[in-house]
file data-v8.csv (CSV, N, CA, C and O atoms)
chain,number,residue,atom,x,y,z
K,19,MET,N,-13.6,6.6,3.8
K,19,MET,CA,-13.8,7.7,4.8
K,19,MET,C,-15.3,8.0,4.9
K,19,MET,O,-16.0,8.0,3.9
K,20,GLN,N,-15.7,8.4,6.0
K,20,GLN,CA,-17.1,8.8,6.2
K,20,GLN,C,-17.3,10.2,5.8
K,20,GLN,O,-16.5,11.1,6.0
K,21,THR,N,-18.4,10.4,5.1
K,21,THR,CA,-18.7,11.8,4.7
K,21,THR,C,-19.5,12.4,5.8
K,21,THR,O,-19.9,11.8,6.7
K,22,SER,N,-19.8,13.7,5.6
K,22,SER,CA,-20.6,14.4,6.7
K,22,SER,C,-22.0,13.8,6.8
K,22,SER,O,-22.6,14.0,7.8
K,23,LYS,N,-22.5,13.2,5.8
K,23,LYS,CA,-23.8,12.6,5.8
K,23,LYS,C,-23.9,11.4,6.7
K,23,LYS,O,-24.9,11.0,7.2
K,24,THR,N,-22.8,10.6,6.7
K,24,THR,CA,-22.8,9.4,7.4
K,24,THR,C,-22.2,9.5,8.8
K,24,THR,O,-22.2,8.5,9.6
K,25,LEU,N,-21.8,10.7,9.2
K,25,LEU,CA,-21.3,10.9,10.6
K,25,LEU,C,-22.5,11.0,11.5
K,25,LEU,O,-23.5,11.6,11.2
K,26,THR,N,-22.3,10.4,12.7
K,26,THR,CA,-23.4,10.6,13.7
K,26,THR,C,-23.2,12.1,14.3
K,26,THR,O,-22.3,12.8,14.0
K,27,GLU,N,-24.2,12.5,15.0
K,27,GLU,CA,-24.2,13.9,15.5
K,27,GLU,C,-23.0,14.1,16.4
K,27,GLU,O,-22.4,15.2,16.3
K,28,GLY,N,-22.6,13.2,17.2
K,28,GLY,CA,-21.5,13.3,18.1
K,28,GLY,C,-20.2,13.4,17.3
K,28,GLY,O,-19.3,14.2,17.6
K,29,GLN,N,-20.0,12.5,16.3
K,29,GLN,CA,-18.8,12.5,15.4
K,29,GLN,C,-18.7,13.8,14.7
K,29,GLN,O,-17.7,14.4,14.5
K,30,ARG,N,-19.9,14.3,14.2
K,30,ARG,CA,-19.9,15.5,13.4
K,30,ARG,C,-19.5,16.7,14.3
K,30,ARG,O,-18.7,17.6,13.9
K,31,ALA,N,-20.0,16.8,15.5
K,31,ALA,CA,-19.6,17.9,16.4
K,31,ALA,C,-18.1,17.8,16.7
K,31,ALA,O,-17.5,18.9,16.7
K,32,TYR,N,-17.6,16.6,17.0
K,32,TYR,CA,-16.2,16.5,17.3
K,32,TYR,C,-15.4,16.9,16.1
K,32,TYR,O,-14.4,17.7,16.2
K,33,GLU,N,-15.7,16.5,14.9
K,33,GLU,CA,-14.9,16.9,13.7
K,33,GLU,C,-15.1,18.4,13.4
K,33,GLU,O,-14.1,19.1,13.0
K,34,GLU,N,-16.2,19.0,13.7
K,34,GLU,CA,-16.4,20.4,13.6
K,34,GLU,C,-15.5,21.2,14.5
K,34,GLU,O,-14.9,22.2,14.1
K,35,ARG,N,-15.4,20.7,15.7
K,35,ARG,CA,-14.5,21.4,16.7
K,35,ARG,C,-13.0,21.3,16.2
K,35,ARG,O,-12.3,22.3,16.3
K,36,ARG,N,-12.6,20.1,15.8
K,36,ARG,CA,-11.3,20.0,15.3
K,36,ARG,C,-11.0,20.8,14.1
K,36,ARG,O,-9.9,21.4,13.9
K,37,ALA,N,-12.0,20.9,13.2
K,37,ALA,CA,-11.9,21.8,12.0
K,37,ALA,C,-11.7,23.2,12.4
K,37,ALA,O,-10.9,24.0,11.8
K,38,ALA,N,-12.6,23.7,13.3
K,38,ALA,CA,-12.5,25.1,13.8
K,38,ALA,C,-11.1,25.3,14.4
K,38,ALA,O,-10.6,26.4,14.2
K,39,LYS,N,-10.6,24.4,15.2
K,39,LYS,CA,-9.3,24.6,15.8
K,39,LYS,C,-8.2,24.7,14.8
K,39,LYS,O,-7.3,25.4,15.0
K,40,ALA,N,-8.4,24.0,13.7
K,40,ALA,CA,-7.4,24.1,12.6
K,40,ALA,C,-7.6,25.2,11.7
K,40,ALA,O,-6.8,25.5,10.8
K,41,GLY,N,-8.7,25.9,11.8
K,41,GLY,CA,-9.1,27.1,11.0
K,41,GLY,C,-9.6,26.7,9.6
K,41,GLY,O,-9.3,27.4,8.7
K,42,MET,N,-10.3,25.6,9.6
K,42,MET,CA,-10.8,25.1,8.3
K,42,MET,C,-12.3,24.9,8.4
K,42,MET,O,-12.9,24.9,9.5
K,43,SER,N,-13.0,24.8,7.2
K,43,SER,CA,-14.4,24.4,7.3
K,43,SER,C,-14.4,22.9,7.4
K,43,SER,O,-13.4,22.2,7.3
K,44,LEU,N,-15.6,22.4,7.8
K,44,LEU,CA,-15.7,20.9,8.0
K,44,LEU,C,-15.4,20.1,6.7
K,44,LEU,O,-14.7,19.1,6.8
K,45,ASP,N,-15.9,20.7,5.6
K,45,ASP,CA,-15.6,20.0,4.3
K,45,ASP,C,-14.1,19.9,4.0
K,45,ASP,O,-13.6,18.8,3.6
K,46,LYS,N,-13.4,21.0,4.2
K,46,LYS,CA,-12.0,21.0,3.9
K,46,LYS,C,-11.3,20.1,4.9
K,46,LYS,O,-10.3,19.4,4.6
K,47,TRP,N,-11.7,20.1,6.2
K,47,TRP,CA,-11.1,19.3,7.2
K,47,TRP,C,-11.2,17.8,6.8
K,47,TRP,O,-10.3,17.1,6.9
K,48,LEU,N,-12.4,17.4,6.5
K,48,LEU,CA,-12.7,16.0,6.1
K,48,LEU,C,-11.9,15.6,4.9
K,48,LEU,O,-11.3,14.5,4.8
K,49,ALA,N,-11.8,16.5,3.9
K,49,ALA,CA,-11.0,16.2,2.7
K,49,ALA,C,-9.5,16.1,3.0
K,49,ALA,O,-8.9,15.2,2.5
K,50,SER,N,-9.0,17.0,3.8
K,50,SER,CA,-7.6,16.9,4.2
K,50,SER,C,-7.3,15.6,5.0
K,50,SER,O,-6.3,15.0,4.9
K,51,LYS,N,-8.3,15.3,5.8
K,51,LYS,CA,-8.1,14.0,6.6
K,51,LYS,C,-8.1,12.8,5.7
K,51,LYS,O,-7.3,11.9,5.9
K,52,GLN,N,-9.0,12.8,4.7
K,52,GLN,CA,-9.0,11.7,3.7
K,52,GLN,C,-7.7,11.6,3.0
K,52,GLN,O,-7.1,10.6,2.8
K,53,ARG,N,-7.2,12.8,2.5
K,53,ARG,CA,-5.9,12.8,1.8
K,53,ARG,C,-4.8,12.3,2.6
K,53,ARG,O,-3.9,11.5,2.2
K,54,GLN,N,-4.7,12.7,3.9
K,54,GLN,CA,-3.7,12.2,4.8
K,54,GLN,C,-3.8,10.7,5.0
K,54,GLN,O,-2.7,10.0,5.0
K,55,GLN,N,-5.0,10.2,5.1
K,55,GLN,CA,-5.1,8.7,5.3
K,55,GLN,C,-4.6,8.0,4.1
K,55,GLN,O,-4.0,6.9,4.2
K,56,GLU,N,-5.0,8.5,2.9
K,56,GLU,CA,-4.5,7.9,1.6
K,56,GLU,C,-3.0,7.9,1.5
K,56,GLU,O,-2.4,6.9,1.1
K,57,ALA,N,-2.4,9.0,1.9
K,57,ALA,CA,-0.9,9.2,1.8
K,57,ALA,C,-0.3,8.2,2.8
K,57,ALA,O,0.7,7.6,2.5
K,58,ASP,N,-0.8,8.0,4.0
K,58,ASP,CA,-0.3,7.1,5.0
K,58,ASP,C,-0.4,5.7,4.5
K,58,ASP,O,0.5,4.9,4.7
K,59,ALA,N,-1.5,5.3,3.8
K,59,ALA,CA,-1.7,4.0,3.3
K,59,ALA,C,-0.7,3.7,2.2
K,59,ALA,O,-0.1,2.6,2.1
K,60,LYS,N,-0.4,4.7,1.3
K,60,LYS,CA,0.5,4.5,0.3
K,60,LYS,C,1.9,4.4,0.8
K,60,LYS,O,2.7,3.5,0.4
K,61,ALA,N,2.3,5.1,1.8
K,61,ALA,CA,3.6,5.0,2.4
K,61,ALA,C,3.8,3.7,3.1
K,61,ALA,O,4.9,3.1,3.0
K,62,LYS,N,2.8,3.2,3.8
K,62,LYS,CA,2.8,1.9,4.4
K,62,LYS,C,3.0,0.8,3.4
K,62,LYS,O,3.8,-0.1,3.6
K,63,GLN,N,2.3,0.9,2.3
K,63,GLN,CA,2.4,-0.1,1.3
K,63,GLN,C,3.7,-0.1,0.6
K,63,GLN,O,4.3,-1.1,0.4
K,64,LYS,N,4.3,1.1,0.4
K,64,LYS,CA,5.6,1.2,-0.2
K,64,LYS,C,6.7,0.7,0.7
K,64,LYS,O,7.6,0.0,0.3
K,65,ALA,N,6.5,0.9,2.0
K,65,ALA,CA,7.5,0.4,3.0
K,65,ALA,C,7.4,-1.1,3.1
K,65,ALA,O,8.4,-1.8,3.2
K,66,THR,N,6.2,-1.7,3.0
K,66,THR,CA,6.0,-3.1,3.0
K,66,THR,C,6.7,-3.8,1.8
K,66,THR,O,7.3,-4.8,1.9
K,67,GLU,N,6.5,-3.1,0.6
K,67,GLU,CA,7.1,-3.7,-0.6
K,67,GLU,C,8.6,-3.6,-0.6
K,67,GLU,O,9.3,-4.5,-1.1
K,68,ALA,N,9.1,-2.5,0.0
K,68,ALA,CA,10.6,-2.4,0.0
K,68,ALA,C,11.2,-3.3,1.0
K,68,ALA,O,12.4,-3.8,0.9
K,69,ALA,N,10.5,-3.8,2.0
K,69,ALA,CA,11.0,-4.7,3.1
K,69,ALA,C,11.0,-6.1,2.6
K,69,ALA,O,11.7,-6.9,3.2
K,70,LYS,N,10.3,-6.4,1.5
K,70,LYS,CA,10.3,-7.8,1.1
K,70,LYS,C,11.6,-8.1,0.4
K,70,LYS,O,12.1,-7.4,-0.4
K,71,PRO,N,12.2,-9.2,0.8
K,71,PRO,CA,13.5,-9.6,0.2
K,71,PRO,C,13.2,-10.2,-1.2
K,71,PRO,O,12.2,-10.8,-1.5
K,72,ALA,N,14.2,-9.9,-2.1
K,72,ALA,CA,14.0,-10.4,-3.5
K,72,ALA,C,14.3,-11.9,-3.5
K,72,ALA,O,15.2,-12.4,-2.8
K,73,LYS,N,13.6,-12.6,-4.3
K,73,LYS,CA,13.9,-14.1,-4.4
K,73,LYS,C,15.2,-14.3,-5.1
K,73,LYS,O,15.5,-13.7,-6.1
K,74,PRO,N,16.0,-15.2,-4.5
K,74,PRO,CA,17.3,-15.5,-5.2
K,74,PRO,C,17.0,-16.3,-6.5
K,74,PRO,O,16.0,-17.0,-6.6
K,75,ALA,N,17.9,-16.2,-7.4
K,75,ALA,CA,17.8,-16.9,-8.7
K,75,ALA,C,17.8,-18.4,-8.4
K,75,ALA,O,18.6,-18.9,-7.7
K,76,LYS,N,16.8,-19.1,-9.0
K,76,LYS,CA,16.7,-20.6,-8.7
K,76,LYS,C,17.7,-21.3,-9.7
K,76,LYS,O,17.8,-21.0,-10.9
K,77,PRO,N,18.5,-22.2,-9.1
K,77,PRO,CA,19.4,-22.9,-10.0
K,77,PRO,C,18.6,-23.8,-10.9
K,77,PRO,O,17.5,-24.2,-10.7
K,78,PRO,N,19.2,-24.1,-12.1
K,78,PRO,CA,18.5,-24.9,-13.1
K,78,PRO,C,18.3,-26.3,-12.5
K,78,PRO,O,19.1,-26.9,-11.8
K,79,GLY,N,17.1,-26.9,-12.9
K,79,GLY,CA,16.8,-28.2,-12.4
K,79,GLY,C,17.5,-29.3,-13.2
K,79,GLY,O,18.3,-29.0,-14.1
K,80,PHE,N,17.2,-30.5,-12.9
K,80,PHE,CA,17.9,-31.7,-13.4
K,80,PHE,C,17.7,-31.7,-14.9
K,80,PHE,O,18.7,-31.9,-15.7
K,81,PHE,N,16.5,-31.6,-15.4
K,81,PHE,CA,16.3,-31.7,-16.9
K,81,PHE,C,16.8,-30.6,-17.6
K,81,PHE,O,17.3,-30.7,-18.7
K,82,SER,N,16.8,-29.4,-17.0
K,82,SER,CA,17.4,-28.2,-17.7
K,82,SER,C,18.9,-28.4,-17.9
K,82,SER,O,19.4,-28.1,-18.9
K,83,ARG,N,19.5,-28.9,-16.8
K,83,ARG,CA,21.0,-29.2,-16.9
K,83,ARG,C,21.3,-30.2,-17.9
K,83,ARG,O,22.2,-30.2,-18.7
K,84,LEU,N,20.4,-31.3,-18.0
K,84,LEU,CA,20.6,-32.4,-18.9
K,84,LEU,C,20.5,-31.9,-20.4
K,84,LEU,O,21.3,-32.2,-21.2
K,85,LEU,N,19.5,-31.1,-20.6
K,85,LEU,CA,19.3,-30.6,-22.0
K,85,LEU,C,20.4,-29.6,-22.4
K,85,LEU,O,20.9,-29.7,-23.5
K,86,GLU,N,20.9,-28.8,-21.5
K,86,GLU,CA,22.0,-27.9,-21.8
K,86,GLU,C,23.2,-28.7,-22.1
K,86,GLU,O,23.9,-28.4,-23.0
K,87,ARG,N,23.5,-29.7,-21.3
K,87,ARG,CA,24.6,-30.5,-21.5
K,87,ARG,C,24.5,-31.3,-22.9
K,87,ARG,O,25.6,-31.5,-23.6
K,88,ALA,N,23.3,-31.7,-23.2
K,88,ALA,CA,23.1,-32.5,-24.5
K,88,ALA,C,23.4,-31.6,-25.7
K,88,ALA,O,23.8,-32.1,-26.8
K,89,GLN,N,23.2,-30.3,-25.6
K,89,GLN,CA,23.4,-29.4,-26.7
K,89,GLN,C,24.8,-28.9,-26.8
K,89,GLN,O,25.1,-28.3,-27.8
K,90,ARG,N,25.6,-29.1,-25.8
K,90,ARG,CA,27.0,-28.7,-25.9
K,90,ARG,C,27.8,-29.7,-26.8
K,90,ARG,O,27.5,-30.9,-26.9
K,91,PRO,N,28.9,-29.2,-27.5
K,91,PRO,CA,29.7,-30.1,-28.3
K,91,PRO,C,30.3,-31.2,-27.4
K,91,PRO,O,30.5,-31.0,-26.2
K,92,LEU,N,30.7,-32.3,-27.9
K,92,LEU,CA,31.2,-33.5,-27.2
K,92,LEU,C,32.6,-33.2,-26.5
K,92,LEU,O,32.9,-33.7,-25.5
K,93,GLY,N,33.4,-32.3,-27.1
K,93,GLY,CA,34.7,-32.1,-26.6
K,93,GLY,C,34.7,-31.2,-25.4
K,93,GLY,O,35.7,-31.2,-24.6
K,94,SER,N,33.7,-30.5,-25.0
K,94,SER,CA,33.8,-29.7,-23.8
K,94,SER,C,33.0,-30.2,-22.6
K,94,SER,O,32.3,-31.0,-22.5
call {"tool": "encode", "arguments": {"input": "data-v8.csv", "output": "structure tokens"}}
result
Amino acid sequence: MQTSKTLTEGQRAYEERRAAKAGMSLDKWLASKQRQQEADAKAKQKATEAAKPAKPAKPPGFFSRLLERAQRPLGS
């Protein structure tokens, strides 16, 4: 997020008007805007992680099956 030092004059004036409309100081407005952006990013990341399908269990490969079978008793 840009701080008040890195905002251009036009951006600063715009943010000051929005802060005044919301009844906040510019610093409080920018801090609340930053918190909102972070919360949105976390929610988006959480939604992305929840949407990923879980990988199905991989069946044992040829050698795994062969070793398992070799360790079983002969009668079974």
call {"tool": "atom_distance", "arguments": {"input": "data-v8.csv", "atom1": "atom N of K:Met42", "atom2": "atom N of K:Ala59"}}
result
22.9 Å
call {"tool": "closest_residue", "arguments": {"input": "data-v8.csv", "among": "K:Ala65, K:Glu56, K:Phe80, K:Arg30", "to": "K:Leu44", "atoms": "all atoms listed in the file"}}
result
K:Arg30
call {"tool": "atom_distance", "arguments": {"input": "data-v8.csv", "atom1": "atom CA of K:Lys51", "atom2": "atom CA of K:Ala37"}}
result
10.2 Å
call {"tool": "select_by_dssp", "arguments": {"input": "data-v8.csv", "residues": "chain K", "states": "alpha helix (DSSP H)", "output": "PyMOL selection string"}}
result
chain K and resi 27-40+44-69+80-89
call {"tool": "atom_distance", "arguments": {"input": "data-v8.csv", "atom1": "atom CA of K:Gln89", "atom2": "atom CA of K:Lys73"}}
result
28.7 Å
